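To be precise, the following lines are coords06.txt, and they hold compact mmCIF, C-alpha atoms.
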```txt
# COMPACT_ATOMS: atom_id res chain seq x y z
CA MET U 1 22.61 8.59 11.96
CA ILE U 2 19.74 6.46 10.65
CA ILE U 3 20.12 2.82 9.58
CA ALA U 4 17.13 1.28 7.84
CA VAL U 5 16.56 -2.45 7.53
CA ALA U 6 14.53 -3.53 4.50
CA SER U 7 14.15 -6.54 2.22
CA GLY U 8 12.43 -7.19 -1.04
CA LYS U 9 11.04 -10.52 0.03
CA GLY U 10 9.08 -10.98 3.22
CA GLY U 11 10.14 -13.45 5.87
CA THR U 12 13.86 -13.16 5.20
CA GLY U 13 14.75 -12.03 8.72
CA LYS U 14 14.43 -8.23 8.68
CA THR U 15 13.17 -7.98 12.21
CA THR U 16 15.73 -10.50 13.48
CA VAL U 17 18.52 -8.40 11.95
CA ALA U 18 17.07 -5.05 13.05
CA THR U 19 16.45 -6.06 16.68
CA ASN U 20 19.77 -7.89 17.19
CA LEU U 21 21.67 -5.05 15.56
CA ALA U 22 19.90 -2.51 17.78
CA LEU U 23 20.76 -4.54 20.89
CA VAL U 24 24.49 -4.86 20.18
CA LEU U 25 24.69 -1.16 19.27
CA SER U 26 22.80 -0.20 22.43
CA TRP U 27 25.62 -1.57 24.59
CA GLU U 28 27.80 1.34 23.44
CA ARG U 29 25.50 4.00 22.07
CA GLU U 30 22.20 5.76 22.50
CA ILE U 31 19.80 3.81 20.29
CA GLN U 32 16.32 4.55 19.08
CA PHE U 33 14.31 1.79 17.40
CA LEU U 34 11.42 2.58 15.04
CA ASP U 35 9.25 -0.29 13.86
CA CYS U 36 7.83 1.14 10.63
CA ASP U 37 6.31 -2.15 9.50
CA VAL U 38 3.02 -0.67 10.69
CA GLU U 39 0.80 -3.29 9.09
CA GLU U 40 2.39 -6.04 11.14
CA PRO U 41 4.73 -4.56 13.73
CA ASN U 42 6.50 -7.34 15.64
CA ALA U 43 9.84 -5.92 16.84
CA HIS U 44 8.25 -5.31 20.26
CA LEU U 45 8.01 -9.09 20.71
CA PHE U 46 11.83 -9.26 20.81
CA LEU U 47 12.78 -5.91 22.37
CA LYS U 48 9.92 -6.03 24.90
CA PRO U 49 9.45 -2.29 25.47
CA ALA U 50 7.22 -1.07 28.28
CA LEU U 51 4.77 0.76 26.02
CA GLU U 52 3.51 3.82 27.81
CA SER U 53 1.58 6.03 25.47
CA ALA U 54 -0.66 5.50 22.45
CA GLU U 55 -1.32 8.55 20.29
CA PRO U 56 -3.91 8.30 17.50
CA VAL U 57 -2.66 9.29 14.04
CA PRO U 58 -5.27 10.79 11.71
CA ILE U 59 -5.30 11.76 8.06
CA PRO U 60 -7.46 14.66 6.88
CA VAL U 61 -10.47 13.67 4.78
CA PRO U 62 -13.01 15.98 3.12
CA GLN U 63 -16.38 16.83 4.60
CA VAL U 64 -18.69 18.56 2.12
CA ASP U 65 -21.16 21.26 3.11
CA LEU U 66 -24.04 20.56 0.71
CA GLU U 67 -25.59 23.98 1.50
CA ARG U 68 -22.65 25.66 -0.23
CA CYS U 69 -21.87 22.97 -2.84
CA THR U 70 -22.89 23.78 -6.42
CA TYR U 71 -22.05 20.25 -7.70
CA CYS U 72 -19.49 21.74 -10.08
CA GLY U 73 -17.36 18.58 -9.82
CA ILE U 74 -13.96 20.28 -9.52
CA CYS U 75 -13.19 18.30 -6.35
CA ALA U 76 -13.71 15.02 -8.21
CA ASP U 77 -11.65 16.28 -11.17
CA VAL U 78 -8.61 17.05 -9.01
CA CYS U 79 -8.79 13.83 -6.94
CA ALA U 80 -6.18 11.41 -8.26
CA PHE U 81 -7.66 8.53 -6.27
CA ASN U 82 -11.38 8.70 -7.17
CA ALA U 83 -12.13 9.26 -3.51
CA ILE U 84 -14.82 11.88 -4.07
CA MET U 85 -17.79 11.56 -6.40
CA VAL U 86 -20.21 14.33 -7.25
CA GLY U 87 -23.68 12.94 -7.90
CA GLN U 88 -26.86 14.69 -8.92
CA GLU U 89 -27.87 15.87 -5.48
CA THR U 90 -25.21 14.42 -3.30
CA VAL U 91 -21.43 14.19 -2.95
CA LEU U 92 -19.94 10.88 -1.88
CA VAL U 93 -16.60 10.63 -0.11
CA PHE U 94 -14.96 7.20 -0.20
CA GLU U 95 -12.83 7.70 2.88
CA PRO U 96 -10.64 4.57 2.57
CA LEU U 97 -9.54 5.75 -0.90
CA CYS U 98 -8.61 9.27 0.29
CA HIS U 99 -4.87 9.94 0.64
CA GLY U 100 -5.47 13.13 2.62
CA CYS U 101 -3.75 15.46 0.13
CA GLY U 102 -6.29 18.25 0.64
CA GLY U 103 -6.55 19.01 -3.10
CA CYS U 104 -10.36 18.94 -3.09
CA ALA U 105 -10.64 21.47 -0.26
CA TYR U 106 -7.96 23.69 -1.81
CA PHE U 107 -9.60 23.87 -5.22
CA CYS U 108 -13.26 24.05 -4.14
CA PRO U 109 -14.43 27.46 -5.51
CA GLU U 110 -17.29 27.61 -2.98
CA LYS U 111 -15.13 26.77 0.05
CA ALA U 112 -17.68 24.03 0.72
CA ILE U 113 -15.12 21.42 1.76
CA LYS U 114 -13.52 21.29 5.15
CA GLU U 115 -11.09 18.62 6.24
CA ILE U 116 -11.80 16.45 9.24
CA ASP U 117 -9.48 14.02 10.95
CA ARG U 118 -9.95 10.30 10.36
CA PRO U 119 -7.77 8.09 12.59
CA ILE U 120 -5.84 5.43 10.68
CA GLY U 121 -3.71 4.00 13.47
CA VAL U 122 -1.70 4.75 16.60
CA ILE U 123 1.88 5.41 17.63
CA GLU U 124 3.08 3.68 20.78
CA ARG U 125 6.31 4.49 22.61
CA GLY U 126 8.24 3.08 25.50
CA ASP U 127 11.68 2.10 26.70
CA ALA U 128 13.14 -1.30 25.97
CA GLY U 129 16.07 -1.40 28.36
CA GLU U 130 18.48 1.23 27.02
CA ILE U 131 16.65 1.43 23.71
CA SER U 132 14.05 4.09 23.08
CA PHE U 133 11.30 2.25 21.20
CA VAL U 134 8.55 3.58 18.91
CA HIS U 135 6.18 1.74 16.60
CA GLY U 136 3.11 2.45 14.51
CA LYS U 137 0.06 0.22 14.44
CA LEU U 138 -2.21 0.61 11.45
CA ASN U 139 -5.90 0.01 12.14
CA PRO U 140 -7.10 -3.28 10.64
CA GLY U 141 -8.56 -2.84 7.17
CA GLU U 142 -6.77 0.43 6.43
CA ALA U 143 -4.99 0.54 3.07
CA LEU U 144 -2.78 3.58 3.53
CA SER U 145 0.22 3.14 5.78
CA PRO U 146 2.62 5.91 4.59
CA PRO U 147 1.00 8.73 6.62
CA LEU U 148 1.38 6.60 9.77
CA ILE U 149 4.98 5.68 8.91
CA SER U 150 5.71 9.35 8.39
CA ALA U 151 4.25 10.10 11.84
CA VAL U 152 6.47 7.41 13.41
CA LYS U 153 9.50 8.98 11.72
CA LYS U 154 8.64 12.42 13.12
CA THR U 155 9.75 11.02 16.50
CA ILE U 156 13.35 10.54 15.26
CA ASN U 157 15.85 11.82 17.80
CA PRO U 158 18.85 13.22 15.87
CA ALA U 159 21.10 12.74 18.88
CA ALA U 160 20.62 8.96 18.82
CA LEU U 161 21.49 6.27 16.32
CA THR U 162 18.12 5.31 14.86
CA ILE U 163 17.34 1.83 13.55
CA ILE U 164 14.29 1.59 11.28
CA ASP U 165 12.56 -1.73 10.62
CA ALA U 166 10.72 -1.36 7.29
CA SER U 167 7.99 -3.50 5.79
CA PRO U 168 8.79 -6.05 3.07
CA GLY U 169 8.43 -5.22 -0.61
CA ALA U 170 9.50 -2.13 -2.50
CA SER U 171 6.33 -0.04 -2.66
CA CYS U 172 5.18 3.20 -1.02
CA PRO U 173 5.41 2.04 2.64
CA VAL U 174 9.03 0.93 2.12
CA VAL U 175 9.94 4.15 0.32
CA GLU U 176 8.40 6.16 3.16
CA ALA U 177 10.23 4.09 5.80
CA ILE U 178 13.74 4.12 4.32
CA ARG U 179 14.01 7.52 2.66
CA GLY U 180 16.13 10.00 4.53
CA SER U 181 18.20 7.27 6.16
CA ASP U 182 21.99 7.19 5.97
CA TYR U 183 22.35 3.50 5.25
CA CYS U 184 20.02 0.69 4.29
CA LEU U 185 20.54 -3.00 5.01
CA LEU U 186 18.80 -5.40 2.66
CA VAL U 187 18.12 -8.80 4.18
CA THR U 188 17.72 -11.68 1.74
CA GLU U 189 17.79 -15.45 1.60
CA PRO U 190 19.65 -17.76 -0.82
CA THR U 191 16.64 -18.73 -2.93
CA PRO U 192 15.48 -17.63 -6.41
CA PHE U 193 12.71 -15.63 -4.71
CA GLY U 194 15.23 -14.00 -2.40
CA LEU U 195 17.40 -12.97 -5.35
CA ASN U 196 14.49 -11.75 -7.47
CA ASP U 197 13.12 -9.52 -4.72
CA LEU U 198 16.62 -8.37 -3.73
CA THR U 199 17.20 -7.01 -7.23
CA ILE U 200 14.00 -4.93 -6.92
CA ALA U 201 15.12 -3.61 -3.52
CA VAL U 202 18.59 -2.75 -4.88
CA GLU U 203 16.96 -0.84 -7.75
CA LEU U 204 14.91 1.07 -5.18
CA LEU U 205 18.02 2.06 -3.21
CA LYS U 206 19.57 3.36 -6.44
CA LYS U 207 16.50 5.46 -7.19
CA LEU U 208 16.61 6.90 -3.67
CA HIS U 209 20.42 7.39 -3.83
CA LEU U 210 20.78 5.41 -0.61
CA PRO U 211 23.98 3.53 0.21
CA GLY U 212 23.32 -0.02 1.29
CA GLY U 213 24.61 -3.50 1.90
CA VAL U 214 23.24 -7.02 1.92
CA VAL U 215 22.73 -9.57 4.71
CA ILE U 216 22.20 -13.17 3.59
CA ASN U 217 20.13 -15.11 6.08
CA ARG U 218 19.93 -18.92 6.30
CA SER U 219 23.31 -19.15 4.62
CA LEU U 220 24.17 -22.71 3.60
CA GLY U 221 26.52 -22.07 0.71
CA GLY U 222 25.40 -23.66 -2.54
CA GLU U 223 23.94 -22.47 -5.80
CA GLY U 224 21.36 -20.01 -4.52
CA GLU U 225 23.96 -18.21 -2.50
CA ALA U 226 26.44 -18.13 -5.39
CA SER U 227 23.90 -16.37 -7.58
CA ILE U 228 23.29 -13.73 -4.90
CA GLU U 229 27.03 -13.21 -4.50
CA GLU U 230 27.42 -12.92 -8.26
CA TYR U 231 24.59 -10.38 -8.44
CA CYS U 232 26.03 -8.28 -5.59
CA ARG U 233 29.47 -8.29 -7.20
CA ARG U 234 28.01 -7.14 -10.50
CA GLU U 235 26.01 -4.35 -8.82
CA GLY U 236 28.83 -3.33 -6.49
CA VAL U 237 26.70 -3.91 -3.39
CA PRO U 238 28.71 -5.23 -0.42
CA ILE U 239 27.63 -8.38 1.42
CA LEU U 240 28.08 -7.40 5.05
CA LEU U 241 27.01 -10.58 6.81
CA LYS U 242 26.09 -14.17 6.11
CA MET U 243 23.91 -15.54 8.88
CA PRO U 244 24.49 -19.29 9.12
CA TRP U 245 21.50 -21.60 9.24
CA ASP U 246 21.15 -22.26 12.94
CA ARG U 247 18.44 -24.22 14.69
CA GLU U 248 19.16 -22.48 17.97
CA LEU U 249 18.53 -19.07 16.41
CA ALA U 250 15.17 -20.28 15.08
CA SER U 251 14.22 -21.70 18.43
CA LEU U 252 15.09 -18.44 20.24
CA TYR U 253 13.13 -16.51 17.62
CA ALA U 254 10.10 -18.72 18.20
CA ARG U 255 10.27 -17.87 21.91
CA GLY U 256 10.59 -14.14 21.21
CA GLU U 257 14.20 -13.97 22.40
CA ALA U 258 17.05 -12.07 20.74
CA ALA U 259 20.01 -14.23 19.72
CA VAL U 260 22.67 -11.70 20.79
CA GLU U 261 21.42 -11.87 24.38
CA HIS U 262 21.93 -15.64 24.57
CA LEU U 263 24.45 -16.85 22.02
CA PRO U 264 28.03 -15.50 22.05
CA ALA U 265 28.60 -16.57 18.44
CA TRP U 266 25.68 -14.44 17.29
CA ARG U 267 26.81 -11.56 19.49
CA ARG U 268 30.11 -11.62 17.56
CA LEU U 269 28.33 -11.79 14.19
CA PHE U 270 26.15 -8.79 14.93
CA THR U 271 28.95 -6.75 16.51
CA GLY U 272 30.84 -7.46 13.29
CA LEU U 273 27.85 -6.30 11.24
CA ALA U 274 27.58 -3.08 13.26
CA ASP U 275 31.30 -2.43 12.71
CA ARG U 276 30.97 -3.07 8.98
CA ILE U 277 28.07 -0.62 8.64
CA LEU U 278 29.85 2.10 10.58
CA GLU U 279 32.97 1.43 8.52
CA GLU U 280 30.97 1.70 5.31
CA LYS U 281 29.71 5.03 6.57
CA LYS U 282 33.28 5.90 7.64
CA GLU U 283 32.06 7.14 10.96
CA ASP U 284 34.33 7.08 14.00
CA ARG U 285 33.00 5.08 16.84
CA MET P 10 -32.26 6.92 -23.06
CA LYS P 11 -28.60 5.98 -23.12
CA LEU P 12 -27.84 2.48 -21.87
CA ALA P 13 -24.25 1.40 -21.17
CA VAL P 14 -23.24 -2.27 -21.31
CA CYS P 15 -20.00 -3.52 -19.69
CA ALA P 16 -18.03 -5.16 -22.48
CA GLN P 17 -14.71 -6.70 -23.32
CA ASN P 18 -14.43 -4.80 -26.58
CA GLU P 19 -16.01 -2.14 -28.80
CA GLY P 20 -19.32 -2.44 -30.64
CA LEU P 21 -22.55 -4.38 -30.44
CA GLU P 22 -20.95 -7.76 -31.12
CA ALA P 23 -18.45 -7.42 -28.28
CA PRO P 24 -18.67 -10.06 -25.55
CA VAL P 25 -19.96 -8.66 -22.26
CA ASP P 26 -17.67 -8.34 -19.22
CA GLN P 27 -18.94 -9.42 -15.80
CA ARG P 28 -16.96 -6.66 -14.05
CA PHE P 29 -18.03 -3.03 -13.80
CA GLY P 30 -15.00 -1.09 -12.50
CA ARG P 31 -12.46 -3.02 -14.56
CA CYS P 32 -14.35 -3.90 -17.75
CA PRO P 33 -12.32 -2.72 -20.78
CA TYR P 34 -15.19 -0.88 -22.53
CA PHE P 35 -18.55 0.69 -21.91
CA VAL P 36 -20.65 0.22 -25.02
CA ILE P 37 -23.32 2.91 -25.06
CA LEU P 38 -26.47 2.37 -27.08
CA ASP P 39 -29.94 3.77 -27.50
CA SER P 40 -32.12 1.70 -25.19
CA GLU P 41 -35.23 1.93 -27.42
CA SER P 42 -33.73 1.18 -30.84
CA GLY P 43 -30.64 -0.79 -29.80
CA GLU P 44 -28.58 1.49 -32.07
CA LEU P 45 -24.89 1.79 -31.21
CA LEU P 46 -24.05 5.31 -30.06
CA LYS P 47 -20.49 5.01 -28.82
CA SER P 48 -17.91 2.61 -27.33
CA VAL P 49 -15.78 4.26 -24.67
CA PRO P 50 -12.67 2.76 -23.07
CA ASN P 51 -13.20 2.46 -19.30
CA GLY P 52 -10.82 4.97 -17.71
CA GLY P 53 -10.95 2.97 -14.48
CA VAL P 54 -9.19 -0.08 -15.93
CA SER P 55 -5.76 1.10 -14.89
CA ALA P 56 -6.81 3.13 -11.83
CA ALA P 57 -4.84 2.26 -8.70
CA GLY P 58 -8.05 2.39 -6.71
CA GLY P 59 -11.56 3.72 -6.97
CA ALA P 60 -12.21 2.15 -10.38
CA GLY P 61 -15.91 1.78 -9.59
CA PRO P 62 -16.51 5.43 -8.64
CA GLN P 63 -14.46 6.50 -11.65
CA GLY P 64 -16.59 4.38 -13.98
CA ALA P 65 -19.79 5.85 -12.52
CA ARG P 66 -18.43 9.33 -13.02
CA GLN P 67 -17.46 8.58 -16.60
CA LEU P 68 -20.92 7.21 -17.43
CA SER P 69 -22.51 10.23 -15.81
CA GLN P 70 -20.41 12.54 -17.98
CA GLU P 71 -21.53 10.60 -21.08
CA GLY P 72 -25.14 11.24 -20.11
CA VAL P 73 -25.84 7.55 -19.49
CA GLU P 74 -29.04 6.86 -17.53
CA ALA P 75 -28.84 3.08 -17.13
CA VAL P 76 -26.08 0.50 -17.04
CA ALA P 77 -26.19 -3.26 -17.60
CA LEU P 78 -23.51 -5.20 -15.78
CA GLY P 79 -22.60 -8.52 -14.21
CA HIS P 80 -21.29 -7.75 -10.76
CA VAL P 81 -21.01 -4.45 -8.93
CA GLY P 82 -18.99 -3.65 -5.80
CA PRO P 83 -20.09 -1.45 -2.89
CA ASN P 84 -18.25 1.74 -3.92
CA ALA P 85 -19.46 1.47 -7.52
CA ALA P 86 -23.02 0.75 -6.42
CA ALA P 87 -23.05 3.82 -4.15
CA ALA P 88 -21.50 5.97 -6.88
CA LEU P 89 -23.97 4.82 -9.56
CA LYS P 90 -26.85 5.56 -7.21
CA ALA P 91 -25.48 9.03 -6.45
CA ALA P 92 -25.12 9.67 -10.17
CA GLY P 93 -28.76 8.69 -10.67
CA ILE P 94 -27.86 5.82 -13.00
CA ALA P 95 -30.21 2.82 -12.96
CA VAL P 96 -28.41 -0.50 -12.54
CA TYR P 97 -29.40 -3.75 -14.27
CA GLY P 98 -27.70 -7.10 -13.68
CA GLY P 99 -27.44 -10.32 -15.67
CA VAL P 100 -25.38 -9.33 -18.73
CA THR P 101 -24.80 -12.31 -20.97
CA GLY P 102 -23.43 -13.15 -24.44
CA THR P 103 -22.75 -10.07 -26.55
CA VAL P 104 -23.75 -6.46 -26.05
CA ARG P 105 -26.56 -7.03 -28.59
CA ASP P 106 -27.80 -10.12 -26.69
CA THR P 107 -27.86 -8.11 -23.49
CA TRP P 108 -29.78 -5.25 -25.11
CA GLN P 109 -32.29 -7.79 -26.41
CA LEU P 110 -32.89 -9.06 -22.85
CA PHE P 111 -33.10 -5.47 -21.58
CA SER P 112 -35.71 -4.50 -24.14
CA GLU P 113 -37.77 -7.57 -23.22
CA GLY P 114 -37.63 -6.47 -19.59
CA LYS P 115 -35.67 -9.58 -18.63
CA LEU P 116 -32.71 -7.91 -16.89
CA PRO P 117 -33.17 -7.69 -13.11
CA THR P 118 -32.65 -4.33 -11.43
CA VAL P 119 -29.81 -4.25 -8.92
CA GLY P 120 -30.13 -2.07 -5.84
CA GLU P 121 -27.02 -2.93 -3.90
CA ALA P 122 -23.55 -4.32 -4.31
CA THR P 123 -23.49 -7.93 -5.48
CA VAL P 124 -19.82 -8.59 -4.62
CA ASP P 125 -17.10 -7.38 -2.25
CA PRO P 126 -14.63 -4.64 -3.27
CA HIS P 127 -11.92 -5.69 -5.77
CA HIS P 128 -13.89 -8.81 -6.70
CA GLY P 129 -12.92 -9.05 -10.35
CA LEU P 130 -9.46 -7.50 -10.12
```

The structure in this file should be written as C-alpha cells.
Amino acid sequence: MIIAVASGKGGTGKTTVATNLALVLSWEREIQFLDCDVEEPNAHLFLKPALESAEPVPIPVPQVDLERCTYCGICADVCAFNAIMVGQETVLVFEPLCHGCGGCAYFCPEKAIKEIDRPIGVIERGDAGEISFVHGKLNPGEALSPPLISAVKKTINPAALTIIDASPGASCPVVEAIRGSDYCLLVTEPTPFGLNDLTIAVELLKKLHLPGGVVINRSLGGEGEASIEEYCRREGVPILLKMPWDRELASLYARGEAAVEHLPAWRRLFTGLADRILEEKKEDR
Amino acid sequence: MKLAVCAQNEGLEAPVDQRFGRCPYFVILDSESGELLKSVPNGGVSAAGGAGPQGARQLSQEGVEAVALGHVGPNAAAALKAAGIAVYGGVTGTVRDTWQLFSEGKLPTVGEATVDPHHGL
C-alpha cells in the first residue's frame, strides 16, 4: 500500500505529517519512506537515516554526429521542447530543455543521433530506525525533476507500506510523485491561500482518480477553517485530522525532532490519523 | 535581405518589443527599401520553454538574415548564431523607426546574450 502526502500550498506541514505518520506506523508495520520533494528534500532532517549509498540518476540527451547529419531538421521538428536546433552548419542541443524522450534519435533518418547520459541528481538510501528511507536530490539549477522522482519510486518495496512525501503545488513533479498511490493526504492551512491551493490539489486527485483526505494544520477554528470545512463537505472529501496550533510542535520542528517521539498528545493524533486512513482504505490492520 | 523586427503587433507602425523569445510578432521587411513583407506571430510566445531557440528556427524558416531586437538571452543568441542570422540591438519606437536607424547604420551589432534566460517572461 502506498500513501502519498501532498498539498497545494507550500509550507502547510506536508513533511511534518509525512514523517510523524511514518513513525507511528513503523511501530507496527514495515514502513518505507520516499522523499519525492527532490528539489528540496528535508524529511531526512526529522527521520535521520544513515544514508549509505548515492546513485547518480541520468536522463538521456542527444549527441549529434555531424559527419552523418544532413541538416534535414526532422529532429527539431519532432522536439516538443525546442531542445534541439538545426543551424546552417551546426546542430545545437540545449540540454537543460531536453526531457529525454528520445524522439529525435528515433526519427533521425540518418541515425546520426545517439543518446548519452546526463546526470540530473542522485538517489540516496539508508535506514532510519525501522524505516527504510529513500530520497532524491536534484542537482542545483536543474529544471526537470520528474525523471528523478520516477527513479526514486522505482525503489518501492511492495511488501512494505510506503509513505511518499511530494513537493508542493499541483504540477508535473506532484503528478509524478502521487500517481499510482492508494491514498493521498492533502495538508492545508486555514487561510484563503490554503483553501485556494487545496481546491487545485483536490481537482488533481479527481483527474488522477485517487482517493484522498484532508489534514488541516495550525487549526484555530474561525472563519478560514469554516470555509475549508464547507468546501470539503461540498466536494465530499473527508477531513481526517485537525492539527491544533501548538508552540511545542513548532519548537520541536525547529530542532529537527518528530512530535510523535516526544509528545503523547501528538502520538495519539497521528495514531488516529493512521487508523482513519486505513479505515478509509478498508484495510485490516 | 530580409530583416525581422521584434514587435508588439503587426505592420510597420507596430511598437517594437524589447523581448526576442516572447515578443508577440516578428515584422519582416526588406532591409534596403523598408517595404513590409510579412508580419508573423511568434510561435514561441506560448512555448513552455525554449522560446528563444524556437524563434530563431522560425526566422530561419522564413529566410530572415538579420534580426533587430532589444534583449536576447543565451539560448536565443546561440540559436541565432547557429542559424546564421545577424543580430542587431537597440530597437526603439515603431518598426519603421527601427528600420530607419538600421538603414542609417545606427543599430549596434550584438554578439552575445545581453540578459539572463527568462528575462522578459

**OP:** Define the interface residues of chain U facing chain P as those within 7 Å, counting only C-alpha atoms, and report them as a VMD selection string.
**Re:** chain U and resid 81 to 83 85 87 to 88 90 97

Go ahead and write the selection's residues with C-alpha atoms as a CSV table (one decimal), in the coordinates of the input.
```
chain,number,residue,atom,x,y,z
U,81,PHE,CA,-7.7,8.5,-6.3
U,82,ASN,CA,-11.4,8.7,-7.2
U,83,ALA,CA,-12.1,9.3,-3.5
U,85,MET,CA,-17.8,11.6,-6.4
U,87,GLY,CA,-23.7,12.9,-7.9
U,88,GLN,CA,-26.9,14.7,-8.9
U,90,THR,CA,-25.2,14.4,-3.3
U,97,LEU,CA,-9.5,5.8,-0.9
```

Where is the centre and how long are the edges: axis-aligned box on segment 162-169 of chain U, 5 Å on each side, Å to one decimal, as lines of an AutoDock Vina configuration file:
```
center_x = 13.1
center_y = -0.4
center_z = 7.1
size_x = 20.1
size_y = 21.4
size_z = 25.5
```

**OP:** Find the spatial neighbours of segment 224-239 of chain U, counting all atoms listed in the file, within a cut-off of 7 Å - ignore same-chain residues fewer than 4 positions away - and output them as number ranges by chain.
**Re:** U: 190-192, 195, 212-215

Take the residues from that selection and put them in a file with C-alpha atoms, as a PDB file, in the frame of the given file.
```pdb
ATOM      1  CA  PRO U 190      19.650 -17.760  -0.820  1.00  0.00           C
ATOM      2  CA  THR U 191      16.640 -18.730  -2.930  1.00  0.00           C
ATOM      3  CA  PRO U 192      15.480 -17.630  -6.410  1.00  0.00           C
ATOM      4  CA  LEU U 195      17.400 -12.970  -5.350  1.00  0.00           C
ATOM      5  CA  GLY U 212      23.320  -0.020   1.290  1.00  0.00           C
ATOM      6  CA  GLY U 213      24.610  -3.500   1.900  1.00  0.00           C
ATOM      7  CA  VAL U 214      23.240  -7.020   1.920  1.00  0.00           C
ATOM      8  CA  VAL U 215      22.730  -9.570   4.710  1.00  0.00           C
TER       9      VAL U 215
END
```

**OP:** Select all residues near (-15.1, -8.8, -28.1) (cut-off 12 Å, inclusive, file coordinates), counting all atoms listed in the file, and output them as a count of residues only.
**Re:** 22

Original post:
With distances taken over only C-alpha atoms, which of U:Leu23, U:Ala274, U:Ala6, U:Ile156 is nearest to His262 of chain U?
Top reply: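 Under the stated criterion, the closest residue is U:Leu23.
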
**OP:** Find the residues near Glu41 of chain P: any atom within 9 Å, counting only C-alpha atoms, skip ones fewer than 6 places away on the same chain, and give them as JSON, numbers by chain.
**Re:** {"P": [10, 11, 112]}

Written selection (C-alpha atoms) as a PDB file, keeping the file's coordinate frame:
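Wrote out07.pdb, looks like this:
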```pdb
ATOM      1  CA  MET P  10     -32.260   6.920 -23.060  1.00  0.00           C
ATOM      2  CA  LYS P  11     -28.600   5.980 -23.120  1.00  0.00           C
ATOM      3  CA  SER P 112     -35.710  -4.500 -24.140  1.00  0.00           C
TER       4      SER P 112
END
```

Subject >> Residue contacts of segment 171-182 of chain U (7 Å, all atoms listed in the file) excluding same-chain residues fewer than 4 positions away, as a PyMOL selection string >> reply: chain U and resi 1-4+36+145-146+149-150+166-167+208+210

**OP:** Would you mind telling me which residue in U:Arg29, U:Ser219, U:Ala265, U:Glu203 lies nearest to Glu248 of chain U when using all atoms listed in the file?
**Re:**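 Among the listed residues, U:Ala265 lies closest to Glu248 of chain U.
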
**OP:** Using atom CA of Ile31 of chain U and atom CA of Ser7 of chain U as the two end points, give the distance in Å to one decimal.
**Re:** 21.6 Å

Subject >> Closest of U:Ile216, U:Ile123, U:Leu252, U:Ile163 to Leu21 of chain U - atom-to-atom distances counting all atoms listed in the file >> reply: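 Among the listed residues, U:Ile163 lies closest to Leu21 of chain U.
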
**OP:** Excluding segment 53-70 of chain U and residues on its chain fewer than 5 positions from it, collect all residues at most 6 Å away from it, counting all atoms listed in the file, and give them as an NGL selection string.
**Re:** :U and (100 or 112-125)

Filtering to C-alpha atoms, could you give me those residues as a short mmCIF file (atom, residue, chain, number, x, y, z; two decimals), in the frame of the given file?
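Result file result-v3.cif:
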```
data_model
loop_
_atom_site.label_atom_id
_atom_site.label_comp_id
_atom_site.auth_asym_id
_atom_site.auth_seq_id
_atom_site.Cartn_x
_atom_site.Cartn_y
_atom_site.Cartn_z
CA GLY U 100 -5.47 13.13 2.62
CA ALA U 112 -17.68 24.03 0.72
CA ILE U 113 -15.12 21.42 1.76
CA LYS U 114 -13.52 21.29 5.15
CA GLU U 115 -11.09 18.62 6.24
CA ILE U 116 -11.80 16.45 9.24
CA ASP U 117 -9.48 14.02 10.95
CA ARG U 118 -9.95 10.30 10.36
CA PRO U 119 -7.77 8.09 12.59
CA ILE U 120 -5.84 5.43 10.68
CA GLY U 121 -3.71 4.00 13.47
CA VAL U 122 -1.70 4.75 16.60
CA ILE U 123 1.88 5.41 17.63
CA GLU U 124 3.08 3.68 20.78
CA ARG U 125 6.31 4.49 22.61
#
```

Original post:
With distances taken over only C-alpha atoms, which of U:Val260, U:His135, U:Tyr183, U:Tyr71 is nearest to Glu279 of chain U?
Top reply: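 Closest to Glu279 of chain U, using only C-alpha atoms: U:Tyr183.
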
Original post:
Quick one: residues within 7 Å of Ala18 of chain U, all atoms listed in the file counted, chain neighbours fewer than 3 positions away excluded, as a PyMOL selection string?
Top reply: chain U and resi 5+14-15+21-22+163+165

Original post:
In Å, with one decimal, what is the gap from atom CA of Pro168 of chain U to atom CA of Leu205 of chain U?
Top reply: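 Atom-to-atom, atom CA of Pro168 of chain U and atom CA of Leu205 of chain U are spaced 13.8 Å apart.
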